[in-house]
$ cat model-v6.txt   # compact mmCIF, C-alpha atoms
# COMPACT_ATOMS: atom_id res chain seq x y z
CA MET A 1 -24.73 -24.54 16.41
CA SER A 2 -21.75 -25.75 18.37
CA ARG A 3 -18.30 -24.28 18.51
CA THR A 4 -15.58 -26.17 16.70
CA THR A 5 -11.80 -26.04 16.64
CA LEU A 6 -12.14 -24.60 13.16
CA ASP A 7 -13.80 -21.51 14.58
CA LEU A 8 -10.90 -21.14 16.97
CA TRP A 9 -8.37 -21.21 14.14
CA VAL A 10 -10.32 -18.75 12.03
CA GLY A 11 -10.69 -16.46 15.04
CA LEU A 12 -6.99 -16.71 15.72
CA PHE A 13 -6.24 -15.93 12.07
CA VAL A 14 -8.42 -12.83 12.12
CA VAL A 15 -6.83 -11.69 15.38
CA ILE A 16 -3.33 -12.14 13.94
CA GLY A 17 -4.33 -10.29 10.78
CA PHE A 18 -5.71 -7.34 12.70
CA ALA A 19 -2.73 -7.36 15.04
CA ALA A 20 -0.50 -7.02 11.97
CA LEU A 21 -2.62 -4.09 10.76
CA LEU A 22 -2.40 -2.49 14.19
CA PHE A 23 1.36 -2.96 14.21
CA LEU A 24 1.59 -1.35 10.79
CA SER A 25 -0.53 1.63 11.73
CA LEU A 26 0.93 2.27 15.17
CA GLN A 27 4.56 1.20 15.02
CA VAL A 28 5.29 1.71 11.31
CA GLY A 29 2.86 4.49 10.40
CA ASN A 30 2.81 6.24 13.77
CA LEU A 31 -0.91 6.88 13.63
CA ALA A 32 -1.00 7.71 17.34
CA GLY A 33 1.60 10.46 17.12
CA ALA A 34 0.52 11.75 13.73
CA ASP A 35 -2.43 13.87 14.73
CA ILE A 36 -1.47 16.68 17.01
CA GLY A 37 -4.58 17.66 18.98
CA ASP A 38 -5.78 21.24 18.70
CA THR A 39 -4.07 23.44 16.15
CA TYR A 40 -4.15 27.01 14.90
CA THR A 41 -3.48 28.11 11.33
CA ILE A 42 -0.86 30.66 10.34
CA SER A 43 0.00 31.87 6.86
CA ALA A 44 3.23 33.22 5.44
CA ARG A 45 4.26 34.53 2.04
CA PHE A 46 7.51 33.61 0.36
CA ASP A 47 9.26 34.78 -2.77
CA ASN A 48 10.31 31.22 -3.44
CA ILE A 49 9.34 28.08 -1.59
CA GLY A 50 11.79 25.80 -3.40
CA GLY A 51 10.70 22.20 -2.99
CA LEU A 52 8.41 22.63 0.01
CA LYS A 53 5.45 20.27 -0.11
CA VAL A 54 2.10 19.96 1.59
CA ARG A 55 2.39 17.90 4.81
CA ALA A 56 6.02 18.92 5.23
CA PRO A 57 6.93 19.42 8.91
CA VAL A 58 7.04 22.80 10.61
CA LYS A 59 9.93 22.86 13.04
CA SER A 60 11.17 25.24 15.67
CA ALA A 61 14.56 24.55 17.25
CA GLY A 62 14.43 21.19 15.48
CA VAL A 63 11.19 20.06 17.13
CA VAL A 64 8.17 19.33 14.95
CA VAL A 65 5.45 21.78 16.02
CA GLY A 66 3.12 21.56 13.04
CA ARG A 67 2.50 20.67 9.40
CA VAL A 68 2.24 22.58 6.14
CA HIS A 69 -1.43 22.55 5.28
CA GLU A 70 -1.80 24.32 1.97
CA ILE A 71 0.43 25.94 -0.64
CA ARG A 72 -0.97 28.26 -3.28
CA PHE A 73 0.17 30.98 -5.63
CA ASP A 74 -1.03 34.45 -4.75
CA THR A 75 -1.84 36.23 -8.03
CA GLY A 76 -1.99 39.62 -6.30
CA SER A 77 1.59 39.74 -5.10
CA TYR A 78 3.02 36.96 -7.29
CA ARG A 79 4.33 35.21 -4.24
CA ALA A 80 3.70 31.79 -2.74
CA GLU A 81 1.30 31.67 0.16
CA VAL A 82 1.94 28.86 2.61
CA ARG A 83 -0.67 28.04 5.23
CA PHE A 84 0.42 25.78 8.05
CA THR A 85 -1.04 24.51 11.27
CA VAL A 86 0.76 24.72 14.59
CA ASP A 87 -0.07 22.81 17.75
CA LYS A 88 -2.04 24.92 20.27
CA ARG A 89 0.44 23.91 22.96
CA TYR A 90 3.14 25.99 21.24
CA PRO A 91 2.28 29.70 21.07
CA PHE A 92 4.65 31.85 19.00
CA PRO A 93 5.24 35.63 19.26
CA ARG A 94 3.84 37.94 16.60
CA ASP A 95 7.23 38.71 15.04
CA THR A 96 8.27 35.10 14.44
CA ILE A 97 10.41 34.59 11.34
CA ALA A 98 9.52 31.76 8.94
CA THR A 99 12.36 30.23 6.94
CA ILE A 100 12.40 27.40 4.44
CA LEU A 101 15.22 25.07 5.38
CA THR A 102 16.60 21.79 4.16
CA SER A 103 17.37 18.89 6.47
CA GLY A 104 20.82 17.75 5.50
CA LEU A 105 22.40 18.50 2.15
CA LEU A 106 19.90 16.58 0.04
CA GLY A 107 17.11 16.04 2.54
CA GLU A 108 13.51 17.16 2.39
CA GLN A 109 12.58 20.80 2.90
CA TYR A 110 10.72 22.01 5.94
CA LEU A 111 9.45 25.23 7.42
CA GLY A 112 11.55 26.62 10.26
CA LEU A 113 10.13 29.05 12.81
CA GLU A 114 12.40 31.40 14.72
CA PRO A 115 10.52 33.13 17.52
CA GLY A 116 11.04 36.87 17.97
CA GLY A 117 10.65 38.97 21.09
CA ASP A 118 7.12 40.34 20.75
CA VAL A 119 4.93 40.08 23.84
CA GLU A 120 1.80 39.47 21.77
CA MET A 121 1.25 35.94 20.53
CA LEU A 122 0.10 34.80 17.10
CA GLU A 123 -3.56 33.94 16.78
CA ASP A 124 -5.48 31.68 14.43
CA GLY A 125 -5.55 32.97 10.84
CA GLN A 126 -2.83 35.58 11.23
CA ALA A 127 0.02 36.03 8.78
CA LEU A 128 3.75 36.17 9.46
CA GLN A 129 5.42 39.38 8.31
CA ILE A 130 9.05 38.35 8.00
CA THR A 131 9.92 35.38 5.85
CA GLN A 132 13.05 34.01 4.26
CA SER A 133 12.83 32.07 1.02
CA ALA A 134 14.33 28.74 0.21
CA VAL A 135 17.93 28.67 -0.89
CA VAL A 136 17.98 27.75 -4.56
CA LEU A 137 21.21 25.95 -5.31
CA GLU A 138 21.32 27.02 -8.96
CA LYS A 139 21.05 30.70 -8.00
CA LEU A 140 23.77 30.26 -5.42
CA ILE A 141 26.11 28.66 -7.95
CA GLY A 142 25.20 31.33 -10.51
CA GLN A 143 26.03 34.07 -8.02
CA PHE A 144 29.30 32.40 -7.13
CA LEU A 145 30.31 32.13 -10.80
CA PHE A 146 29.27 35.71 -11.41
CA ASN A 147 31.40 36.95 -8.53
CA LYS A 148 34.33 34.89 -9.76
CA ALA A 149 33.99 36.36 -13.22
CA ALA A 150 33.85 39.86 -11.78
CA GLU A 151 37.02 39.27 -9.78
CA GLU A 152 39.03 38.07 -12.75
CA PRO A 153 40.08 41.39 -14.40
CA THR A 154 41.60 42.81 -11.17
CA ASN A 155 44.18 40.01 -11.02
CA MET B 1 -3.34 -20.70 -48.87
CA ASN B 2 -5.24 -23.27 -46.91
CA GLY B 3 -2.76 -22.99 -44.07
CA VAL B 4 -3.22 -19.21 -43.85
CA LEU B 5 -6.96 -19.61 -43.89
CA ALA B 6 -6.78 -22.14 -41.09
CA ALA B 7 -4.57 -19.86 -39.04
CA VAL B 8 -6.94 -16.91 -39.46
CA ARG B 9 -9.86 -19.14 -38.60
CA LYS B 10 -8.07 -20.34 -35.48
CA LEU B 11 -7.27 -16.78 -34.40
CA GLY B 12 -10.87 -15.74 -34.91
CA ALA B 13 -12.14 -18.69 -32.92
CA LEU B 14 -9.69 -17.83 -30.14
CA VAL B 15 -10.88 -14.23 -29.95
CA VAL B 16 -14.57 -15.16 -30.07
CA ASP B 17 -13.97 -17.79 -27.40
CA GLY B 18 -12.16 -15.25 -25.24
CA VAL B 19 -14.98 -12.71 -25.48
CA TRP B 20 -17.48 -15.48 -24.80
CA ARG B 21 -15.65 -16.50 -21.65
CA LEU B 22 -15.39 -12.90 -20.52
CA GLY B 23 -19.13 -12.45 -20.88
CA PHE B 24 -19.78 -15.68 -19.02
CA ALA B 25 -17.38 -14.59 -16.29
CA ALA B 26 -19.27 -11.31 -15.88
CA ARG B 27 -22.61 -13.12 -15.68
CA PHE B 28 -21.09 -15.61 -13.26
CA PHE B 29 -19.84 -12.74 -11.07
CA MET B 30 -23.31 -11.16 -10.99
CA LEU B 31 -24.88 -14.50 -10.03
CA LEU B 32 -22.21 -14.96 -7.40
CA LEU B 33 -23.00 -11.59 -5.83
CA LEU B 34 -26.73 -12.31 -6.09
CA TYR B 35 -26.46 -15.58 -4.18
CA SER B 36 -23.87 -14.28 -1.71
CA GLY B 37 -26.58 -13.17 0.69
CA GLN B 38 -27.93 -16.70 0.84
CA SER B 39 -24.55 -18.24 1.52
CA LEU B 40 -23.35 -15.59 3.97
CA ARG B 41 -26.35 -16.37 6.14
CA ARG B 42 -24.78 -19.78 6.68
CA VAL B 43 -21.62 -18.39 8.18
CA HIS B 44 -19.93 -21.69 8.92
CA LEU B 45 -19.53 -22.38 5.20
CA THR B 46 -17.50 -19.21 4.74
CA LEU B 47 -15.61 -19.77 8.00
CA ARG B 48 -14.52 -23.14 6.72
CA GLU B 49 -13.17 -21.53 3.56
CA ILE B 50 -11.38 -18.81 5.52
CA TYR B 51 -9.73 -21.66 7.38
CA PHE B 52 -8.64 -23.42 4.19
CA SER B 53 -7.45 -20.40 2.23
CA GLY B 54 -6.44 -18.09 5.08
CA VAL B 55 -5.28 -20.05 8.10
CA LEU B 56 -3.47 -22.70 6.08
CA SER B 57 -1.65 -19.99 4.08
CA LEU B 58 -0.32 -18.41 7.28
CA LEU B 59 2.93 -20.33 7.32
CA ILE B 60 4.01 -19.55 3.78
CA ILE B 61 3.02 -15.89 4.18
CA VAL B 62 4.89 -15.48 7.46
CA VAL B 63 8.02 -17.22 6.23
CA SER B 64 8.12 -15.44 2.87
CA GLY B 65 7.38 -12.07 4.47
CA LEU B 66 10.25 -12.56 6.88
CA PHE B 67 12.67 -13.48 4.12
CA VAL B 68 11.57 -10.71 1.78
CA GLY B 69 12.05 -8.22 4.62
CA MET B 70 15.48 -9.65 5.43
CA VAL B 71 16.60 -9.44 1.80
CA LEU B 72 15.30 -5.88 1.61
CA GLY B 73 17.27 -5.08 4.74
CA LEU B 74 20.50 -6.50 3.32
CA GLN B 75 20.21 -5.07 -0.18
CA GLY B 76 18.79 -1.76 0.96
CA TYR B 77 21.54 -1.22 3.49
CA GLU B 78 24.18 -2.12 0.91
CA THR B 79 22.95 0.62 -1.41
CA LEU B 80 21.93 3.21 1.17
CA GLN B 81 25.19 3.21 3.08
CA ARG B 82 27.03 4.14 -0.11
CA PHE B 83 25.23 7.47 0.12
CA GLY B 84 25.76 7.66 3.82
CA SER B 85 22.10 7.23 4.63
CA GLY B 86 21.99 3.78 6.16
CA ASP B 87 19.65 5.21 8.80
CA ALA B 88 16.94 5.50 6.15
CA LEU B 89 16.78 1.69 5.93
CA GLY B 90 13.54 1.64 7.95
CA VAL B 91 11.89 4.01 5.48
CA LEU B 92 12.96 1.91 2.52
CA VAL B 93 11.79 -1.37 4.02
CA ALA B 94 8.48 -0.05 5.35
CA LEU B 95 7.49 1.95 2.28
CA SER B 96 8.32 -0.75 -0.24
CA LEU B 97 6.50 -3.36 1.83
CA THR B 98 3.33 -1.44 2.67
CA ARG B 99 2.94 0.14 -0.75
CA GLU B 100 3.97 -2.59 -3.17
CA LEU B 101 5.62 -5.77 -2.04
CA GLY B 102 3.18 -6.65 0.73
CA PRO B 103 0.01 -6.69 -1.37
CA VAL B 104 1.64 -7.96 -4.58
CA VAL B 105 3.81 -10.77 -3.25
CA ALA B 106 1.17 -11.86 -0.76
CA GLY B 107 -1.32 -11.84 -3.64
CA LEU B 108 0.92 -13.96 -5.85
CA LEU B 109 1.53 -16.43 -3.02
CA PHE B 110 -2.14 -16.48 -2.18
CA ALA B 111 -3.05 -17.19 -5.82
CA SER B 112 -0.70 -20.13 -6.04
CA ARG B 113 -1.36 -21.49 -2.55
CA ALA B 114 -5.10 -20.97 -2.10
CA GLY B 115 -6.44 -20.00 -5.53
CA SER B 116 -5.16 -23.15 -7.20
CA ALA B 117 -6.62 -25.30 -4.43
CA VAL B 118 -10.04 -23.69 -4.83
CA THR B 119 -9.96 -24.20 -8.60
CA ALA B 120 -8.94 -27.83 -8.18
CA GLU B 121 -11.69 -28.46 -5.65
CA ILE B 122 -14.49 -26.91 -7.69
CA GLY B 123 -13.14 -28.42 -10.90
CA LEU B 124 -13.09 -31.90 -9.42
CA MET B 125 -16.58 -31.38 -8.03
CA LYS B 126 -17.66 -30.55 -11.55
CA ALA B 127 -15.76 -33.48 -13.09
CA THR B 128 -17.33 -35.93 -10.64
CA GLU B 129 -20.72 -34.30 -11.27
CA GLN B 130 -21.23 -33.24 -7.66
CA LEU B 131 -22.31 -29.79 -8.82
CA LYS B 132 -24.94 -31.34 -11.06
CA ALA B 133 -26.10 -33.58 -8.23
CA MET B 134 -26.56 -30.52 -6.02
CA ASP B 135 -28.59 -28.87 -8.73
CA MET B 136 -30.80 -31.98 -8.89
CA MET B 137 -31.41 -31.75 -5.15
CA ALA B 138 -32.44 -28.12 -5.58
CA VAL B 139 -29.27 -26.92 -3.85
CA ASN B 140 -27.81 -23.98 -5.71
CA PRO B 141 -24.13 -24.84 -6.31
CA ILE B 142 -23.16 -21.19 -6.63
CA ALA B 143 -24.65 -20.35 -3.25
CA ARG B 144 -23.46 -23.56 -1.58
CA VAL B 145 -20.00 -24.11 -3.12
CA VAL B 146 -18.80 -21.08 -5.05
CA ALA B 147 -19.82 -18.05 -2.98
CA PRO B 148 -18.30 -19.24 0.34
CA ARG B 149 -14.98 -19.93 -1.38
CA PHE B 150 -15.08 -16.51 -3.02
CA TRP B 151 -15.79 -14.67 0.23
CA GLY B 152 -13.28 -16.77 2.13
CA GLY B 153 -10.61 -15.58 -0.28
CA VAL B 154 -11.76 -11.96 -0.23
CA ILE B 155 -11.69 -11.83 3.56
CA SER B 156 -8.38 -13.66 3.96
CA MET B 157 -6.35 -11.72 1.44
CA PRO B 158 -6.07 -8.26 3.14
CA LEU B 159 -5.27 -9.89 6.47
CA LEU B 160 -2.55 -12.02 4.90
CA ALA B 161 -1.08 -9.01 3.08
CA ALA B 162 -0.99 -6.99 6.31
CA LEU B 163 0.69 -9.90 8.05
CA PHE B 164 3.19 -10.16 5.20
CA SER B 165 4.09 -6.47 5.49
CA ALA B 166 4.38 -6.66 9.27
CA MET B 167 6.63 -9.72 9.07
CA GLY B 168 8.69 -7.99 6.38
CA VAL B 169 9.25 -4.94 8.57
CA PHE B 170 10.23 -7.28 11.39
CA GLY B 171 12.66 -9.06 9.04
CA GLY B 172 14.16 -5.75 7.95
CA TRP B 173 14.55 -4.74 11.58
CA LEU B 174 16.17 -8.08 12.39
CA ILE B 175 18.81 -7.67 9.68
CA GLY B 176 19.23 -3.91 9.86
CA VAL B 177 19.23 -3.30 13.58
CA VAL B 178 20.17 -6.60 15.17
CA PHE B 179 22.76 -7.92 12.71
CA ILE B 180 24.15 -4.90 10.85
CA GLY B 181 23.78 -2.42 13.68
CA VAL B 182 21.75 0.43 12.23
CA ASP B 183 20.70 2.74 15.04
CA GLU B 184 17.37 1.48 16.37
CA GLY B 185 15.97 4.92 17.16
CA ALA B 186 16.73 6.26 13.69
CA PHE B 187 15.33 3.12 12.09
CA TRP B 188 11.91 3.46 13.74
CA SER B 189 11.61 7.24 13.93
CA GLN B 190 12.51 7.84 10.29
CA MET B 191 10.10 5.09 9.31
CA GLN B 192 7.32 6.64 11.40
CA ALA B 193 7.99 10.06 9.94
CA ALA B 194 7.89 8.82 6.36
CA VAL B 195 5.05 6.27 6.42
CA ASP B 196 1.64 7.87 6.37
CA PHE B 197 -1.37 5.94 7.63
CA ARG B 198 -3.78 7.03 4.93
CA PHE B 199 -1.46 7.27 1.94
CA ASP B 200 0.67 4.23 2.50
CA ILE B 201 -0.95 1.74 4.83
CA LEU B 202 -4.59 2.24 3.91
CA ASN B 203 -3.77 2.27 0.20
CA GLY B 204 -1.88 -0.99 0.69
CA VAL B 205 -4.91 -2.52 2.37
CA ILE B 206 -7.17 -1.31 -0.45
CA LYS B 207 -4.77 -2.82 -2.97
CA SER B 208 -4.74 -6.17 -1.23
CA ALA B 209 -8.54 -6.19 -1.00
CA VAL B 210 -8.78 -5.57 -4.76
CA PHE B 211 -6.27 -8.36 -5.41
CA GLY B 212 -8.29 -10.61 -3.09
CA VAL B 213 -11.44 -10.06 -5.14
CA ALA B 214 -9.56 -10.62 -8.41
CA VAL B 215 -7.78 -13.79 -7.31
CA ALA B 216 -10.83 -15.31 -5.63
CA LEU B 217 -13.04 -14.56 -8.63
CA ILE B 218 -10.54 -16.01 -11.10
CA ALA B 219 -10.08 -19.11 -8.94
CA VAL B 220 -13.78 -19.91 -8.54
CA PHE B 221 -14.57 -19.04 -12.15
CA GLU B 222 -11.84 -21.21 -13.64
CA GLY B 223 -12.99 -24.09 -11.46
CA TYR B 224 -16.63 -23.63 -12.40
CA ASP B 225 -15.88 -23.19 -16.08
CA CYS B 226 -13.34 -26.00 -16.50
CA THR B 227 -13.72 -28.90 -18.89
CA PRO B 228 -14.88 -31.73 -16.61
CA THR B 229 -11.98 -34.07 -17.30
CA ALA B 230 -8.69 -34.73 -15.53
CA GLU B 231 -6.87 -32.75 -18.20
CA GLY B 232 -9.42 -29.94 -18.10
CA VAL B 233 -9.03 -29.54 -14.33
CA SER B 234 -5.25 -29.42 -14.57
CA ARG B 235 -5.49 -26.80 -17.32
CA ALA B 236 -7.92 -24.75 -15.25
CA ILE B 237 -5.47 -24.76 -12.33
CA THR B 238 -2.66 -23.57 -14.58
CA ARG B 239 -4.90 -20.85 -15.96
CA THR B 240 -5.85 -19.75 -12.46
CA VAL B 241 -2.25 -19.23 -11.40
CA VAL B 242 -1.20 -17.55 -14.66
CA SER B 243 -4.16 -15.22 -15.02
CA SER B 244 -4.20 -14.35 -11.29
CA ALA B 245 -0.54 -13.36 -11.49
CA LEU B 246 -1.16 -11.25 -14.59
CA ALA B 247 -4.28 -9.70 -13.07
CA ILE B 248 -2.43 -8.80 -9.87
CA LEU B 249 0.47 -7.16 -11.69
CA ALA B 250 -1.76 -5.26 -14.11
CA LEU B 251 -4.15 -4.12 -11.35
CA ASP B 252 -1.17 -3.10 -9.24
CA PHE B 253 0.06 -0.81 -11.98
CA ILE B 254 -3.38 0.75 -12.42
CA LEU B 255 -3.96 1.21 -8.69
CA THR B 256 -0.49 2.61 -8.13
CA SER B 257 -0.90 5.15 -10.89
CA PHE B 258 -4.15 6.27 -9.27
CA MET B 259 -2.98 6.27 -5.66
CA PHE B 260 0.54 7.61 -5.75
CA ARG B 261 0.47 9.92 -8.72
CA GLY B 262 2.14 13.22 -8.03
CA GLN B 263 3.13 12.38 -4.49
CA SER B 264 6.65 12.17 -3.28
$ encode --input "model-v6.txt" --output "structure tokens"
Amino acid sequence: MSRTTLDLWVGLFVVIGFAALLFLSLQVGNLAGADIGDTYTISARFDNIGGLKVRAPVKSAGVVVGRVHEIRFDTGSYRAEVRFTVDKRYPFPRDTIATILTSGLLGEQYLGLEPGGDVEMLEDGQALQITQSAVVLEKLIGQFLFNKAAEEPTN
Amino acid sequence: MNGVLAAVRKLGALVVDGVWRLGFAARFFMLLLLYSGQSLRRVHLTLREIYFSGVLSLLIIVVSGLFVGMVLGLQGYETLQRFGSGDALGVLVALSLTRELGPVVAGLLFASRAGSAVTAEIGLMKATEQLKAMDMMAVNPIARVVAPRFWGGVISMPLLAALFSAMGVFGGWLIGVVFIGVDEGAFWSQMQAAVDFRFDILNGVIKSAVFGVAVALIAVFEGYDCTPTAEGVSRAITRTVVSSALAILALDFILTSFMFRGQS
């Protein structure tokens, strides 16, 4: 069987097609940067996680250090248990505070980590002790209205 | 009374005919898969069909992808900047292309560019009794003519859809970043943060592969099943384009409801 120009065109077509796929996965989908090598898992319990979702970023000082891995409802304490993975390169002290924050006014919610001053570092599978729940806008407005109503009679 | 009777009779005949064709199509598909092994062993047959349905569709796919991306860039920016989030243009362009527009529009273009050609070719072969002649010479027309065209379409389609999406993203970048002046860093980084390889890109590829199978099957079946006259061939081509388009849109809805249900 001899090679023909047709084979060349088909080969070229396949190469272009796969190049497009590669472009999509690397440049558009960021496959290369998506998986952060070795990780360790930390859990934290919140009274209210608001709109936090699985795969939401975990940030410290604005830098993405991990991802939310699992969210479930703990029937024992009636709180939300969030398990998230953090890159091994970033160790955090034992008394780190986890907060649920919102990027921008209407942006997506993410998990913020504020490191404390403990000398011991967190290890795989440990739980954070101090957490701060998501700010629920309705509650905030309700509180504001309530305060306003309470002020009224004094005037 | 007679008129009503005739109408009911016509409707019944239409339904029975439809079910008949569906059954034949299923049997045809099984035969096609059965003889695929035979035809795939002769690779050059399939390569030739990849050339005709894939390589020759490159131009229309590239040009339409570019323009679709550019329109998305313009329209998306117009709307997004009203909410002060013009930087999210990359997310909008990339997500709509990889999830929906890439596979669907590339599929529609592929059906009208390559599917119709395949139907016409097989239909004419049938009308000029070439298929029968092959049968007489103990050459299986499904293995020799139909299967290579089917596989050519199935292989070409995902590659064309990926190319369409890539060109669309490039078009969106061209309009958004180069002409309008959206910040380039925000454009790419927000896109990379929002587009997931498995959820968005891989699902898009799966979609386009499914569309490829549907379009290629409809095209070869309509050609093989056509009435062997000039009018019959032209009707078969029309049916190919119409039913491929309907199949793509319906399948897209089904696949989307499976893939992206409950995700943000």
$ atom_distance --input "model-v6.txt" --atom1 "CA of Ser156 (chain B)" --atom2 "CA of Ile218 (chain B)"
15.4 Å
$ closest_atom_pairs --input "model-v6.txt" --of "chain B" --to "chain A" --cutoff "9 Å" --atoms "only C-alpha atoms" --output "Markdown table"
| residue | atom | partner | partner_atom | distance |
| --- | --- | --- | --- | --- |
| B:His44 | CA | A:Asp7 | CA | 8.3 |
| B:Leu47 | CA | A:Val10 | CA | 6.7 |
| B:Arg48 | CA | A:Leu6 | CA | 7.0 |
| B:Ile50 | CA | A:Val10 | CA | 6.6 |
| B:Tyr51 | CA | A:Val10 | CA | 5.5 |
| B:Gly54 | CA | A:Phe13 | CA | 7.3 |
| B:Val55 | CA | A:Phe13 | CA | 5.8 |
| B:Leu58 | CA | A:Phe13 | CA | 8.0 |
| B:Gly90 | CA | A:Val28 | CA | 8.9 |
| B:Ala94 | CA | A:Val28 | CA | 7.0 |
| B:Thr98 | CA | A:Leu24 | CA | 8.3 |
| B:Ser156 | CA | A:Val14 | CA | 8.2 |
| B:Pro158 | CA | A:Gly17 | CA | 8.1 |
| B:Leu159 | CA | A:Gly17 | CA | 4.4 |
| B:Leu160 | CA | A:Gly17 | CA | 6.4 |
| B:Ala161 | CA | A:Gly17 | CA | 8.5 |
| B:Ala162 | CA | A:Leu21 | CA | 5.6 |
| B:Leu163 | CA | A:Ala20 | CA | 5.0 |
| B:Phe164 | CA | A:Ala20 | CA | 8.3 |
| B:Ser165 | CA | A:Leu24 | CA | 7.8 |
| B:Ala166 | CA | A:Ala20 | CA | 5.6 |
| B:Met167 | CA | A:Ala20 | CA | 8.2 |
| B:Val169 | CA | A:Val28 | CA | 8.2 |
| B:Trp188 | CA | A:Val28 | CA | 7.3 |
| B:Ser189 | CA | A:Val28 | CA | 8.8 |
| B:Met191 | CA | A:Val28 | CA | 6.2 |
| B:Gln192 | CA | A:Gly29 | CA | 5.1 |
| B:Ala193 | CA | A:Asn30 | CA | 7.5 |
| B:Ala194 | CA | A:Gly29 | CA | 7.8 |
| B:Val195 | CA | A:Gly29 | CA | 4.9 |
| B:Asp196 | CA | A:Gly29 | CA | 5.4 |
| B:Phe197 | CA | A:Gly29 | CA | 5.3 |
| B:Arg198 | CA | A:Gly29 | CA | 9.0 |
| B:Asp200 | CA | A:Gly29 | CA | 8.2 |
| B:Ile201 | CA | A:Ser25 | CA | 6.9 |
| B:Leu202 | CA | A:Ser25 | CA | 8.8 |
| B:Val205 | CA | A:Leu21 | CA | 8.8 |
| B:Ser264 | CA | A:Lys53 | CA | 8.8 |
$ atom_distance --input "model-v6.txt" --atom1 "CA of Ala111 (chain B)" --atom2 "CA of Leu56 (chain B)"
13.1 Å
$ residues_around --input "model-v6.txt" --residues "Cys226 (chain B)" --least-positions-apart "5" --cutoff "7 Å" --atoms "only C-alpha atoms" --output "list in words"
Gly123, Gly232, Val233 and Ala236 of chain B
$ residues_around --input "model-v6.txt" --residues "region 112-123 of chain A" --least-positions-apart "5" --cutoff "7 Å" --atoms "all atoms listed in the file" --output "mmCIF file with C-alpha atoms, in the coordinates of the input"
data_model
loop_
_atom_site.group_PDB
_atom_site.id
_atom_site.type_symbol
_atom_site.label_atom_id
_atom_site.label_comp_id
_atom_site.auth_asym_id
_atom_site.auth_seq_id
_atom_site.Cartn_x
_atom_site.Cartn_y
_atom_site.Cartn_z
ATOM 1 C CA VAL A 58 7.040 22.800 10.610
ATOM 2 C CA LYS A 59 9.930 22.860 13.040
ATOM 3 C CA SER A 60 11.170 25.240 15.670
ATOM 4 C CA PRO A 91 2.280 29.700 21.070
ATOM 5 C CA PHE A 92 4.650 31.850 19.000
ATOM 6 C CA PRO A 93 5.240 35.630 19.260
ATOM 7 C CA ARG A 94 3.840 37.940 16.600
ATOM 8 C CA ASP A 95 7.230 38.710 15.040
ATOM 9 C CA THR A 96 8.270 35.100 14.440
ATOM 10 C CA ILE A 97 10.410 34.590 11.340
ATOM 11 C CA ALA A 98 9.520 31.760 8.940
ATOM 12 C CA THR A 99 12.360 30.230 6.940
ATOM 13 C CA ILE A 100 12.400 27.400 4.440
ATOM 14 C CA LEU A 101 15.220 25.070 5.380
#
$ closest_residue --input "model-v6.txt" --among "B:Asp87, B:Asp17, B:Glu49, B:Asp252" --to "Trp151 (chain B)" --atoms "all atoms listed in the file"
B:Glu49
$ atom_distance --input "model-v6.txt" --atom1 "CA of Phe110 (chain B)" --atom2 "CA of Leu66 (chain B)"
15.8 Å
$ residues_around --input "model-v6.txt" --residues "Thr41 (chain A)" --least-positions-apart "6" --cutoff "10 Å" --atoms "all atoms listed in the file" --output "ChimeraX atom specification"
/A:66-69,83-88,122-127
$ residues_around --input "model-v6.txt" --residues "region 32-41 of chain B" --least-positions-apart "3" --cutoff "12 Å" --atoms "only C-alpha atoms" --output "mmCIF file with C-alpha atoms, in the frame of the given file"
data_model
loop_
_atom_site.group_PDB
_atom_site.id
_atom_site.type_symbol
_atom_site.label_atom_id
_atom_site.label_comp_id
_atom_site.auth_asym_id
_atom_site.auth_seq_id
_atom_site.Cartn_x
_atom_site.Cartn_y
_atom_site.Cartn_z
ATOM 1 C CA PHE B 24 -19.780 -15.680 -19.020
ATOM 2 C CA ALA B 25 -17.380 -14.590 -16.290
ATOM 3 C CA ALA B 26 -19.270 -11.310 -15.880
ATOM 4 C CA ARG B 27 -22.610 -13.120 -15.680
ATOM 5 C CA PHE B 28 -21.090 -15.610 -13.260
ATOM 6 C CA PHE B 29 -19.840 -12.740 -11.070
ATOM 7 C CA HIS B 44 -19.930 -21.690 8.920
ATOM 8 C CA LEU B 45 -19.530 -22.380 5.200
ATOM 9 C CA THR B 46 -17.500 -19.210 4.740
ATOM 10 C CA LEU B 47 -15.610 -19.770 8.000
ATOM 11 C CA ARG B 48 -14.520 -23.140 6.720
ATOM 12 C CA GLU B 49 -13.170 -21.530 3.560
ATOM 13 C CA VAL B 139 -29.270 -26.920 -3.850
ATOM 14 C CA ASN B 140 -27.810 -23.980 -5.710
ATOM 15 C CA PRO B 141 -24.130 -24.840 -6.310
ATOM 16 C CA ILE B 142 -23.160 -21.190 -6.630
ATOM 17 C CA ALA B 143 -24.650 -20.350 -3.250
ATOM 18 C CA ARG B 144 -23.460 -23.560 -1.580
ATOM 19 C CA VAL B 145 -20.000 -24.110 -3.120
ATOM 20 C CA VAL B 146 -18.800 -21.080 -5.050
ATOM 21 C CA ALA B 147 -19.820 -18.050 -2.980
ATOM 22 C CA PRO B 148 -18.300 -19.240 0.340
ATOM 23 C CA ARG B 149 -14.980 -19.930 -1.380
ATOM 24 C CA PHE B 150 -15.080 -16.510 -3.020
ATOM 25 C CA TRP B 151 -15.790 -14.670 0.230
ATOM 26 C CA GLY B 152 -13.280 -16.770 2.130
ATOM 27 C CA VAL B 213 -11.440 -10.060 -5.140
ATOM 28 C CA ALA B 216 -10.830 -15.310 -5.630
ATOM 29 C CA LEU B 217 -13.040 -14.560 -8.630
ATOM 30 C CA VAL B 220 -13.780 -19.910 -8.540
ATOM 31 C CA PHE B 221 -14.570 -19.040 -12.150
ATOM 32 C CA TYR B 224 -16.630 -23.630 -12.400
#
